[in-house]
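What's in work-v2.csv: CSV, C-alpha atoms
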```csv
chain,number,residue,atom,x,y,z
A,21,MET,CA,-93.1,-133.3,-152.7
A,22,LYS,CA,-90.2,-130.9,-152.3
A,23,ARG,CA,-89.7,-128.3,-149.6
A,24,PHE,CA,-91.9,-125.2,-150.0
A,25,LEU,CA,-89.3,-123.3,-148.0
A,26,SER,CA,-85.6,-123.3,-148.7
A,27,ILE,CA,-83.7,-120.5,-146.9
A,28,LEU,CA,-80.1,-120.4,-148.0
A,29,PHE,CA,-77.7,-117.7,-146.9
A,30,ALA,CA,-74.5,-116.6,-148.7
A,31,ALA,CA,-71.4,-118.3,-147.2
A,32,MET,CA,-69.5,-116.4,-144.6
A,33,MET,CA,-65.9,-116.9,-143.5
A,34,GLY,CA,-65.9,-119.9,-141.2
A,35,LEU,CA,-63.3,-120.8,-138.7
A,36,SER,CA,-62.6,-124.1,-136.9
A,37,LEU,CA,-64.7,-124.8,-133.8
A,38,VAL,CA,-63.3,-123.5,-130.5
A,39,ALA,CA,-63.7,-125.2,-127.2
A,40,CYS,CA,-65.4,-123.0,-124.6
A,41,GLY,CA,-63.8,-123.1,-121.2
A,42,SER,CA,-61.8,-125.8,-119.4
A,43,ASP,CA,-64.6,-127.8,-117.8
A,44,SER,CA,-64.5,-131.5,-118.4
A,45,ALA,CA,-67.1,-133.1,-120.6
A,46,SER,CA,-70.6,-132.9,-119.3
A,47,LYS,CA,-73.8,-134.5,-120.4
A,48,LYS,CA,-77.0,-132.8,-121.6
A,49,GLU,CA,-78.9,-132.1,-118.4
A,50,ASP,CA,-82.4,-132.7,-119.8
A,51,SER,CA,-82.0,-136.3,-121.0
A,52,SER,CA,-85.7,-136.6,-121.3
A,53,ILE,CA,-85.6,-134.3,-124.3
A,54,SER,CA,-82.3,-135.2,-126.0
A,55,GLN,CA,-81.0,-138.8,-126.4
A,56,THR,CA,-77.6,-137.5,-127.4
A,57,SER,CA,-75.1,-136.6,-124.7
A,58,TYR,CA,-72.8,-133.6,-125.5
A,59,ASP,CA,-70.4,-131.2,-123.8
A,60,LYS,CA,-72.1,-127.9,-123.4
A,61,ASN,CA,-68.7,-126.3,-123.1
A,62,ASP,CA,-67.5,-127.5,-126.5
A,63,LEU,CA,-69.0,-126.1,-129.8
A,64,GLY,CA,-68.0,-129.2,-131.8
A,65,SER,CA,-69.7,-131.5,-129.4
A,66,ILE,CA,-73.0,-129.5,-129.6
A,67,LEU,CA,-72.9,-129.5,-133.4
A,68,SER,CA,-72.3,-133.2,-133.5
A,69,ALA,CA,-75.3,-133.7,-131.2
A,70,VAL,CA,-77.5,-131.7,-133.5
A,71,THR,CA,-76.5,-133.8,-136.4
A,72,ALA,CA,-77.0,-137.0,-134.4
A,73,GLU,CA,-80.4,-136.0,-133.2
A,74,GLY,CA,-81.5,-135.3,-136.7
A,75,GLU,CA,-80.1,-138.6,-138.0
A,76,THR,CA,-81.9,-140.5,-135.2
A,77,ALA,CA,-85.2,-138.8,-136.0
A,78,ILE,CA,-84.8,-139.5,-139.8
A,79,GLN,CA,-84.2,-143.1,-139.1
A,80,THR,CA,-87.1,-143.4,-136.8
A,81,ILE,CA,-89.7,-141.9,-139.2
A,82,SER,CA,-88.2,-144.0,-142.0
A,83,ASP,CA,-88.5,-147.2,-140.0
A,84,ASP,CA,-92.0,-146.3,-138.8
A,85,SER,CA,-93.3,-145.5,-142.3
A,86,THR,CA,-91.8,-148.7,-143.7
A,87,SER,CA,-93.5,-150.7,-141.0
A,88,LEU,CA,-96.8,-149.0,-141.7
A,89,LEU,CA,-96.5,-149.6,-145.5
A,90,ASP,CA,-96.0,-153.3,-144.8
A,91,LYS,CA,-98.9,-153.3,-142.5
A,92,LEU,CA,-101.3,-151.8,-145.0
A,93,GLY,CA,-100.6,-154.8,-147.3
A,94,GLU,CA,-101.5,-155.0,-150.9
A,95,THR,CA,-105.3,-155.0,-151.0
A,96,TYR,CA,-108.1,-152.6,-150.1
A,97,ASP,CA,-109.3,-155.0,-147.4
A,98,THR,CA,-105.9,-154.9,-145.7
A,99,TYR,CA,-105.9,-151.1,-146.0
A,100,ASP,CA,-109.4,-150.9,-144.5
A,101,ALA,CA,-108.4,-153.2,-141.6
A,102,ASN,CA,-105.4,-151.1,-140.8
A,103,LYS,CA,-106.3,-147.5,-141.8
A,104,THR,CA,-106.4,-146.4,-138.1
A,105,SER,CA,-102.7,-147.1,-138.1
A,106,VAL,CA,-102.2,-144.3,-140.6
A,107,THR,CA,-103.8,-141.9,-138.2
A,108,ASP,CA,-101.6,-143.1,-135.4
A,109,PHE,CA,-98.5,-142.7,-137.6
A,110,TYR,CA,-99.5,-139.1,-138.3
A,111,SER,CA,-100.1,-138.3,-134.7
A,112,ASN,CA,-96.9,-140.0,-133.4
A,113,SER,CA,-94.7,-138.4,-136.1
A,114,LEU,CA,-96.0,-135.0,-135.2
A,115,ASP,CA,-95.3,-135.6,-131.5
A,116,GLU,CA,-91.8,-136.8,-132.3
A,117,SER,CA,-91.2,-133.8,-134.5
A,118,LYS,CA,-92.2,-131.4,-131.7
A,119,LYS,CA,-89.7,-133.1,-129.4
A,120,LEU,CA,-87.0,-132.9,-131.9
A,121,TYR,CA,-87.5,-129.2,-132.5
A,122,ASP,CA,-87.6,-128.6,-128.7
A,123,THR,CA,-84.3,-130.4,-128.5
A,124,PHE,CA,-82.8,-128.2,-131.2
A,125,GLU,CA,-84.0,-125.1,-129.5
A,126,THR,CA,-82.3,-126.2,-126.2
A,127,MET,CA,-79.1,-127.1,-128.1
A,128,SER,CA,-79.1,-123.7,-129.8
A,129,MET,CA,-79.2,-121.9,-126.4
A,130,ASP,CA,-76.3,-124.0,-125.1
A,131,TYR,CA,-74.4,-123.3,-128.3
A,132,PHE,CA,-75.0,-119.5,-128.2
A,133,LYS,CA,-73.9,-119.3,-124.5
A,134,CYS,CA,-70.8,-121.4,-125.3
A,135,VAL,CA,-69.9,-118.9,-128.1
A,136,SER,CA,-70.4,-116.0,-125.6
A,137,THR,CA,-68.1,-117.5,-122.9
A,138,GLN,CA,-65.3,-117.9,-125.4
A,139,GLY,CA,-65.2,-114.2,-125.8
A,140,LEU,CA,-66.4,-111.8,-128.5
A,141,GLU,CA,-63.1,-109.8,-129.0
A,142,ASP,CA,-62.4,-111.3,-132.4
A,143,TYR,CA,-65.3,-110.8,-134.8
A,144,ASP,CA,-64.3,-113.5,-137.2
A,145,THR,CA,-64.0,-116.1,-134.5
A,146,TRP,CA,-67.5,-115.7,-133.0
A,147,ASP,CA,-69.1,-114.9,-136.3
A,148,GLY,CA,-67.6,-118.0,-137.8
A,149,ALA,CA,-68.8,-120.1,-134.9
A,150,MET,CA,-72.4,-118.7,-135.2
A,151,GLU,CA,-72.3,-119.4,-138.9
A,152,ASP,CA,-71.2,-123.0,-138.2
A,153,PHE,CA,-74.3,-123.5,-136.0
A,154,TYR,CA,-76.6,-122.1,-138.6
A,155,ASP,CA,-75.2,-124.3,-141.4
A,156,THR,CA,-75.4,-127.5,-139.3
A,157,TRP,CA,-78.8,-126.8,-137.8
A,158,ASP,CA,-80.4,-125.7,-141.1
A,159,GLU,CA,-79.0,-128.6,-143.0
A,160,THR,CA,-80.3,-131.0,-140.4
A,161,MET,CA,-83.7,-129.4,-140.4
A,162,GLU,CA,-83.8,-129.6,-144.2
A,163,ASP,CA,-82.8,-133.3,-144.1
A,164,TYR,CA,-85.5,-134.1,-141.6
A,165,TYR,CA,-88.1,-132.2,-143.6
A,166,ASP,CA,-87.2,-134.2,-146.7
A,167,ALA,CA,-87.5,-137.4,-144.6
A,168,TRP,CA,-90.9,-136.9,-143.2
A,169,ASP,CA,-92.2,-135.3,-146.4
A,170,GLU,CA,-91.1,-138.4,-148.3
A,171,ALA,CA,-92.6,-140.7,-145.7
A,172,TYR,CA,-96.0,-138.9,-145.9
A,173,GLU,CA,-96.0,-139.0,-149.7
A,174,ASP,CA,-95.2,-142.7,-149.8
A,175,ILE,CA,-98.0,-143.4,-147.4
A,176,TYR,CA,-100.4,-141.2,-149.4
A,177,ASP,CA,-99.5,-143.0,-152.6
A,178,LYS,CA,-99.9,-146.4,-151.0
A,179,CYS,CA,-103.3,-145.6,-149.6
A,180,ASP,CA,-104.4,-144.0,-152.9
A,181,ASP,CA,-103.4,-147.1,-154.8
A,182,LEU,CA,-105.1,-149.5,-152.4
A,183,ILE,CA,-108.4,-147.5,-152.5
A,184,GLU,CA,-108.2,-147.1,-156.2
A,185,SER,CA,-107.9,-150.9,-156.5
A,186,ALA,CA,-111.4,-151.2,-155.1
A,187,SER,CA,-113.0,-148.5,-157.3
A,188,ASP,CA,-114.7,-151.1,-159.5
A,189,THR,CA,-116.2,-153.0,-156.5
A,190,LEU,CA,-117.2,-150.3,-154.2
A,191,ASP,CA,-120.3,-148.1,-154.7
A,192,TYR,CA,-119.2,-144.7,-155.9
A,193,ASP,CA,-120.5,-142.9,-152.8
A,194,VAL,CA,-118.6,-145.3,-150.6
A,195,TYR,CA,-115.4,-145.0,-152.7
A,196,SER,CA,-115.7,-141.2,-152.7
A,197,ASP,CA,-116.1,-141.1,-149.0
A,198,VAL,CA,-113.3,-143.5,-148.3
A,199,TRP,CA,-110.9,-141.6,-150.6
A,200,SER,CA,-111.9,-138.2,-149.2
A,201,GLU,CA,-111.4,-139.4,-145.6
A,202,MET,CA,-108.0,-140.6,-146.5
A,203,TYR,CA,-107.0,-137.5,-148.4
A,204,ASP,CA,-108.3,-135.1,-145.7
A,205,GLY,CA,-106.4,-137.1,-143.1
A,206,TYR,CA,-103.2,-136.8,-145.2
A,207,SER,CA,-103.7,-133.2,-146.0
A,208,ASP,CA,-104.4,-132.1,-142.4
A,209,ALA,CA,-101.5,-134.2,-141.1
A,210,TRP,CA,-99.1,-132.8,-143.7
A,211,SER,CA,-100.2,-129.2,-143.0
A,212,ASN,CA,-99.7,-129.8,-139.2
A,213,MET,CA,-96.2,-131.1,-139.8
A,214,TYR,CA,-95.3,-128.3,-142.1
A,215,GLU,CA,-96.7,-125.6,-139.8
A,216,THR,CA,-94.8,-127.1,-136.8
A,217,TYR,CA,-91.7,-127.3,-138.9
A,218,SER,CA,-92.1,-123.7,-140.1
A,219,ASP,CA,-92.7,-122.3,-136.6
A,220,ALA,CA,-89.7,-124.2,-135.2
A,221,TRP,CA,-87.5,-123.0,-138.0
A,222,SER,CA,-88.6,-119.4,-137.6
A,223,LYS,CA,-88.2,-119.5,-133.8
A,224,THR,CA,-84.6,-120.8,-133.8
A,225,TYR,CA,-83.7,-118.6,-136.7
A,226,ASN,CA,-85.1,-115.5,-135.0
A,227,ASP,CA,-83.2,-116.4,-131.8
A,228,TYR,CA,-80.0,-116.9,-133.9
A,229,SER,CA,-80.5,-113.5,-135.5
A,230,ASP,CA,-81.2,-111.7,-132.2
A,231,VAL,CA,-78.2,-113.3,-130.5
A,232,TRP,CA,-76.0,-112.5,-133.5
A,233,SER,CA,-77.1,-108.8,-133.3
A,234,GLY,CA,-76.5,-108.8,-129.6
A,235,PHE,CA,-73.0,-110.2,-130.0
A,236,TYR,CA,-72.3,-107.6,-132.7
A,237,ASN,CA,-73.3,-104.9,-130.2
A,238,ASP,CA,-70.9,-106.3,-127.6
A,239,GLU,CA,-73.7,-107.9,-125.5
A,240,THR,CA,-72.7,-111.2,-123.9
A,241,ASP,CA,-75.7,-112.4,-121.9
A,242,VAL,CA,-77.7,-114.6,-124.2
A,243,ASP,CA,-80.8,-114.7,-121.9
A,244,SER,CA,-80.8,-110.9,-121.6
A,245,ILE,CA,-80.5,-110.5,-125.4
A,246,LEU,CA,-83.5,-112.7,-126.0
A,247,ASN,CA,-85.6,-111.3,-123.2
A,248,ALA,CA,-85.0,-107.8,-124.6
A,249,ALA,CA,-86.0,-109.0,-128.1
A,250,ALA,CA,-89.1,-110.7,-126.8
A,251,LYS,CA,-90.1,-107.5,-124.9
A,252,GLU,CA,-89.7,-105.4,-128.0
A,253,ASP,CA,-91.8,-107.9,-130.0
A,254,GLY,CA,-94.4,-107.8,-127.3
A,255,GLN,CA,-94.6,-104.1,-127.4
A,256,THR,CA,-95.1,-104.2,-131.2
A,257,ASP,CA,-97.8,-106.8,-130.9
A,258,ASN,CA,-99.6,-104.8,-128.2
A,259,SER,CA,-99.5,-101.7,-130.5
A,260,ASN,CA,-101.1,-103.7,-133.3
A,261,GLU,CA,-103.7,-105.0,-130.9
A,262,ASN,CA,-104.6,-101.6,-129.7
A,263,THR,CA,-105.0,-100.4,-133.2
A,264,SER,CA,-107.2,-103.4,-133.9
A,265,ASN,CA,-109.3,-102.7,-130.8
A,266,SER,CA,-109.8,-99.1,-131.7
A,267,SER,CA,-111.6,-100.1,-134.9
A,268,THR,CA,-113.8,-102.8,-133.2
A,269,GLU,CA,-116.7,-100.4,-132.5
A,270,THR,CA,-116.7,-99.2,-136.1
A,271,ASP,CA,-116.6,-102.7,-137.4
A,272,SER,CA,-119.5,-103.8,-135.2
A,273,SER,CA,-121.6,-100.8,-136.1
A,274,THR,CA,-121.3,-101.6,-139.8
A,275,GLN,CA,-121.6,-105.4,-139.5
A,276,SER,CA,-125.3,-105.6,-140.0
A,277,GLU,CA,-125.1,-103.3,-143.0
A,278,GLN,CA,-122.3,-105.5,-144.5
A,279,THR,CA,-124.1,-108.8,-144.0
A,280,SER,CA,-127.4,-107.5,-145.3
A,281,GLU,CA,-126.0,-107.1,-148.9
A,282,LEU,CA,-125.0,-110.5,-150.1
A,283,VAL,CA,-122.7,-111.1,-153.0
A,284,ASP,CA,-123.6,-114.2,-155.0
A,285,GLY,CA,-125.4,-115.4,-151.9
A,286,MET,CA,-122.4,-114.7,-149.6
A,287,ARG,CA,-121.6,-112.1,-147.0
A,288,PRO,CA,-119.2,-109.5,-148.5
A,289,GLU,CA,-116.7,-109.9,-145.7
A,290,PHE,CA,-116.7,-113.7,-146.1
A,291,LYS,CA,-116.1,-113.5,-149.9
A,292,GLU,CA,-113.4,-110.9,-149.4
A,293,ALA,CA,-111.6,-113.1,-146.8
A,294,MET,CA,-111.7,-116.1,-149.2
A,295,ASP,CA,-110.5,-114.1,-152.2
A,296,SER,CA,-107.7,-112.4,-150.2
A,297,TYR,CA,-106.5,-115.7,-148.9
A,298,GLU,CA,-106.3,-117.2,-152.4
A,299,THR,CA,-104.6,-114.1,-153.8
A,300,PHE,CA,-102.0,-114.2,-151.0
A,301,ILE,CA,-101.3,-117.9,-151.7
A,302,ASP,CA,-100.7,-117.0,-155.4
A,303,GLU,CA,-98.3,-114.3,-154.3
A,304,TYR,CA,-96.6,-116.6,-151.8
A,305,ILE,CA,-96.1,-119.3,-154.4
A,306,ALA,CA,-94.7,-116.8,-156.8
A,307,PHE,CA,-92.2,-115.5,-154.2
A,308,MET,CA,-91.0,-119.0,-153.3
A,309,GLU,CA,-90.6,-119.9,-157.0
A,310,LYS,CA,-88.6,-116.7,-157.5
A,311,TYR,CA,-86.4,-117.5,-154.5
A,312,ALA,CA,-85.8,-121.0,-155.7
A,313,ALA,CA,-84.9,-119.7,-159.2
A,314,SER,CA,-82.3,-117.4,-157.6
A,315,ASP,CA,-80.6,-120.4,-156.0
A,316,GLY,CA,-80.1,-118.3,-152.9
A,317,SER,CA,-78.0,-115.7,-154.7
A,318,ASP,CA,-80.6,-112.9,-154.4
A,319,LEU,CA,-80.1,-111.8,-150.7
A,320,SER,CA,-82.7,-109.1,-151.1
A,321,LEU,CA,-85.4,-111.8,-151.1
A,322,LEU,CA,-84.3,-112.8,-147.6
A,323,ASN,CA,-85.7,-109.5,-146.3
A,324,ASP,CA,-89.1,-110.5,-147.5
A,325,TYR,CA,-89.1,-114.0,-145.9
A,326,THR,CA,-90.1,-113.0,-142.4
A,327,SER,CA,-92.8,-110.7,-143.8
A,328,TYR,CA,-94.3,-113.5,-145.9
A,329,MET,CA,-94.2,-116.0,-143.0
A,330,SER,CA,-96.0,-113.6,-140.8
A,331,LYS,CA,-98.6,-112.8,-143.4
A,332,TYR,CA,-99.0,-116.5,-144.2
A,333,ALA,CA,-99.8,-117.3,-140.5
A,334,ASP,CA,-102.3,-114.5,-140.4
A,335,MET,CA,-104.0,-115.5,-143.6
A,336,MET,CA,-104.2,-119.1,-142.5
A,337,ALA,CA,-105.8,-118.0,-139.2
A,338,ASP,CA,-108.2,-115.7,-140.9
A,339,PHE,CA,-109.2,-118.5,-143.4
A,340,GLU,CA,-109.6,-121.3,-140.8
A,341,GLN,CA,-111.6,-119.2,-138.4
A,342,TRP,CA,-114.5,-119.3,-140.8
A,343,GLU,CA,-114.8,-123.1,-140.1
A,344,ASN,CA,-116.3,-122.0,-136.7
A,345,GLU,CA,-118.8,-119.7,-138.4
A,346,GLU,CA,-122.3,-120.5,-139.5
A,347,MET,CA,-122.0,-120.5,-143.3
A,348,ASN,CA,-124.9,-120.7,-145.7
A,349,THR,CA,-125.0,-123.1,-148.6
A,350,GLU,CA,-123.3,-120.7,-151.1
A,351,GLU,CA,-120.6,-119.8,-148.5
A,352,THR,CA,-119.9,-123.4,-147.7
A,353,ALA,CA,-119.5,-124.3,-151.4
A,354,TYR,CA,-117.2,-121.4,-152.0
A,355,TYR,CA,-115.1,-122.2,-149.0
A,356,ILE,CA,-114.6,-125.7,-150.2
A,357,GLU,CA,-113.9,-124.4,-153.8
A,358,VAL,CA,-111.2,-122.1,-152.6
A,359,GLN,CA,-109.7,-124.6,-150.3
A,360,SER,CA,-109.5,-127.1,-153.2
A,361,ARG,CA,-107.9,-124.7,-155.6
A,362,VAL,CA,-105.3,-123.7,-153.1
A,363,SER,CA,-104.5,-127.3,-152.3
A,364,GLN,CA,-104.0,-128.0,-156.0
A,365,LYS,CA,-101.8,-125.0,-156.5
A,366,LEU,CA,-99.6,-126.0,-153.6
A,367,LEU,CA,-99.4,-129.6,-154.7
A,368,GLN,CA,-98.5,-128.5,-158.3
A,369,VAL,CA,-95.7,-126.2,-157.3
A,370,ALA,CA,-94.3,-128.9,-154.9
A,371,GLN,CA,-94.0,-131.5,-157.7
```
Represent the structure of the file as structure tokens.
Amino acid sequence: MKRFLSILFAAMMGLSLVACGSDSASKKEDSSISQTSYDKNDLGSILSAVTAEGETAIQTISDDSTSLLDKLGETYDTYDANKTSVTDFYSNSLDESKKLYDTFETMSMDYFKCVSTQGLEDYDTWDGAMEDFYDTWDETMEDYYDAWDEAYEDIYDKCDDLIESASDTLDYDVYSDVWSEMYDGYSDAWSNMYETYSDAWSKTYNDYSDVWSGFYNDETDVDSILNAAAKEDGQTDNSNENTSNSSTETDSSTQSEQTSELVDGMRPEFKEAMDSYETFIDEYIAFMEKYAASDGSDLSLLNDYTSYMSKYADMMADFEQWENEEMNTEETAYYIEVQSRVSQKLLQVAQ
């Protein structure tokens, strides 16, 4: 599968990296996070560390997946004996990814502060330095995405082939259960990895954007810039929450009326949530295909990216919350039907 997200920005004037201050080389203070030492007072050193961390993570997941593929063997019996190792791989790779993204977040803060200390008098200098960080970090994130995505796909293909090899010897119900268990594990793991990747990308990009804006407005304290941005976001969230709370009583008063009139055996609010989710996925896919076709040349699409990601997170949350609800037979069937259609659409567009 290919990346669902590919955010490319038009090239800006870049300048050579500038050393920040006269301190001698120092190592990353939190060695428990980053395995790469770098000089926090030198932009080039930080960028090299970003690349090195990514390369290490890529090599690790490649080695681990290769080892797992070997362990699974060439028969259904060897798969069945080692299938728990697949679950372990998914869990470990997710943990390692989170550590990597935390490392990148720490490195980004060190980099932004280094840019600030060099001075913001010359726009081209600090703007070029910020762009250098974005290019290096984004490319490294993309390379790592491709690596774990490929590893997950290889593991899925291997498991699928091994289970398929036993289709003539296993009872159909057993075969179906085994395959479904394998697919569900893969699908959930891939979704968790993708969501973690997307959240990490958005977090660092938002920090980058906020700091860039702060620098442009002659602000130099990175922590103050980000605190102010977080406070502003919090106020916006609270405003939305208050608006939501104001309608709670109205929603509650009409709930019994809504649920009393079933649509095809389903509660109207349930069916509306399912249909809205699938409609959004269609729009989301169309947007990503449109962006991919533009090859990054249509900058107007970038303005829609944050909105789509926010809507995507909301829609996923709304959809998944129904898993905790008591669904009747018709609702359960429709839930699975929509989930299956959406999965197929995403897999098709990713091919």
Enter the distance from CA of Asp188 in chain A to CA of Ser207 in chain A, in Å, rounded to one decimal.
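Between these atoms lies a distance of 25.0 Å.
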Just give me the gap between CA of Glu239 in chain A and CA of Tyr58 in chain A in Å, one decimal is fine.
25.7 Å
Shortest contact to Leu190 in chain A, candidates A:Lys251, A:Asp97, A:Glu116, A:Asp163, atoms counted all atoms listed in the file, goes to A:Asp97
Rank nothing, just name the residue among A:Phe109, A:Leu114, A:Val231, A:Ser363 nearest to Met150 in chain A, using only C-alpha atoms.
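Closest to Met150 in chain A, using only C-alpha atoms: A:Val231.
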Can you pull out every residue within 6 Å of range 124-138 of chain A, counting only C-alpha atoms, but drop anything in the same chain fewer than 2 positions away, and send it as a list in words?
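Final neighbour list, sorted by chain and number: Cys40, Lys60, Asn61, Tyr121, Asp122 and Thr240 of chain A.
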Quick one, how far is CA of Glu346 in chain A from CA of Glu289 in chain A?
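The value is 13.5 Å.
Taking only C-alpha atoms into account, Tyr143 in chain A lies nearest to A:Asp238 out of the set A:Asp204, A:Asp238, A:Asp324, A:Asp59.
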